[in-house]
Amino acid sequence: ADKGLAPASTFAWVCFLCNNQFDWLSGVMNDGVETFGETVQQIGNVVCFVDSFNASASLYFSRLWPVFEVFVACSCGVDIDFALMSDSEQELLGATIGELKESIKVDVMNASASDENDARKIKALIADADGGARAINTKVAKLFLSMVARFLVD
């Protein structure tokens, strides 16, 4: 959606290029939650590029790191938007109400990480957070639903 941002003064921070997951999980650098959270607060907005409107079939929601990053952004209170890849937009236009209802389900504790230590540490952080996994599942699902609704209305 058009947020009225000036292209000359709007920048993108791409987390997988800037957020070294391996260093903080191995203890080489400070806690990645704090570092990522500070960066997100300075930026003030997160846009998640999602591969499918069907959260249960989406690679984005099956991977622990992207869901964790949404969790951190939620914890920091910054604005979060979702953007659909163009091929998924076409699928969404052909979906039934029943398919849409079933598609907006997020389960962070079933998301995976390529490194089992990552998975353990991240899931422990989420479980210990206020409201735990249920709260982040609900928050991410609501954000995702609002993206789907905005797309359908536009």
# chains A, B, ... in the order shown; residues from 1 in each chain; ligands from 1
>>> select_by_dssp(residues="chain A", states="helix (DSSP H, G or I)", output="count of residues only")
94
>>> residues_around(residues="region 95-110 of chain A", least_positions_apart="6", cutoff="6 Å", atoms="only C-alpha atoms", output="count of residues only")
4
>>> closest_residue(among="A:Ala135, A:Asp154, A:Ala8, A:Ser112", to="Leu64 (chain A)", atoms="only C-alpha atoms")
A:Ser112
>>> select_by_dssp(residues="region 23-150 of chain A", states="strand (DSSP E or B)", output="JSON, numbers by chain")
{"A": [45, 46, 47, 48, 49, 50, 63, 79, 80, 81, 82, 83, 84, 112]}
>>> residues_around(residues="Ile80 (chain A)", least_positions_apart="3", cutoff="6 Å", atoms="only C-alpha atoms", output="list of chain:residue names")
A:Asn45, A:Val46, A:Val47
>>> write_last_selection(atoms="C-alpha atoms", output="tab-separated table (two decimals), in the first residue's frame")
chain	number	residue	atom	x	y	z
A	45	ASN	CA	8.50	-0.42	10.05
A	46	VAL	CA	8.88	-4.00	8.84
A	47	VAL	CA	7.62	-5.33	5.51
>>> residues_around(residues="Val72 (chain A)", least_positions_apart="3", cutoff="12 Å", atoms="only C-alpha atoms", output="ChimeraX atom specification")
/A:32-41,45-46,65-69,75-80,122,125-126,129-130,136,139-140
>>> atom_distance(atom1="CA of Asp87 (chain A)", atom2="CA of Ala111 (chain A)")
23.2 Å
>>> decode(residues="region 101-138 of chain A", atoms="C-alpha atoms", output="JSON list (two decimals), in the first residue's frame")
[["chain", "number", "residue", "atom", "x", "y", "z"],
["A", 101, "LYS", "CA", -10.38, -19.12, 6.41],
["A", 102, "GLU", "CA", -8.17, -22.22, 6.51],
["A", 103, "SER", "CA", -5.17, -20.39, 5.08],
["A", 104, "ILE", "CA", -4.71, -17.93, 7.93],
["A", 105, "LYS", "CA", -3.20, -20.32, 10.47],
["A", 106, "VAL", "CA", 0.25, -19.78, 11.92],
["A", 107, "ASP", "CA", 2.04, -22.21, 14.27],
["A", 108, "VAL", "CA", 5.43, -20.85, 15.29],
["A", 109, "MET", "CA", 6.29, -23.87, 17.42],
["A", 110, "ASN", "CA", 6.05, -26.09, 14.32],
["A", 111, "ALA", "CA", 8.24, -23.81, 12.21],
["A", 112, "SER", "CA", 11.70, -25.19, 11.47],
["A", 113, "ALA", "CA", 15.27, -23.94, 11.36],
["A", 114, "SER", "CA", 18.20, -25.50, 9.56],
["A", 115, "ASP", "CA", 20.14, -25.51, 12.84],
["A", 116, "GLU", "CA", 18.55, -27.35, 15.76],
["A", 117, "ASN", "CA", 20.28, -25.03, 18.27],
["A", 118, "ASP", "CA", 18.62, -22.06, 16.55],
["A", 119, "ALA", "CA", 15.26, -23.77, 16.86],
["A", 120, "ARG", "CA", 15.70, -24.54, 20.56],
["A", 121, "LYS", "CA", 16.89, -21.05, 21.50],
["A", 122, "ILE", "CA", 14.31, -19.19, 19.46],
["A", 123, "LYS", "CA", 11.40, -21.35, 20.59],
["A", 124, "ALA", "CA", 12.50, -20.94, 24.22],
["A", 125, "LEU", "CA", 12.55, -17.14, 23.79],
["A", 126, "ILE", "CA", 9.08, -17.20, 22.26],
["A", 127, "ALA", "CA", 7.70, -19.58, 24.92],
["A", 128, "ASP", "CA", 9.03, -17.31, 27.69],
["A", 129, "ALA", "CA", 7.60, -14.15, 26.14],
["A", 130, "ASP", "CA", 4.43, -12.53, 27.39],
["A", 131, "GLY", "CA", 1.60, -14.64, 25.98],
["A", 132, "GLY", "CA", 4.03, -17.18, 24.51],
["A", 133, "ALA", "CA", 3.56, -18.92, 21.18],
["A", 134, "ARG", "CA", -0.21, -18.51, 21.19],
["A", 135, "ALA", "CA", 0.13, -14.71, 21.35],
["A", 136, "ILE", "CA", 2.61, -14.55, 18.47],
["A", 137, "ASN", "CA", 0.55, -17.00, 16.38],
["A", 138, "THR", "CA", -2.52, -14.81, 16.89]]
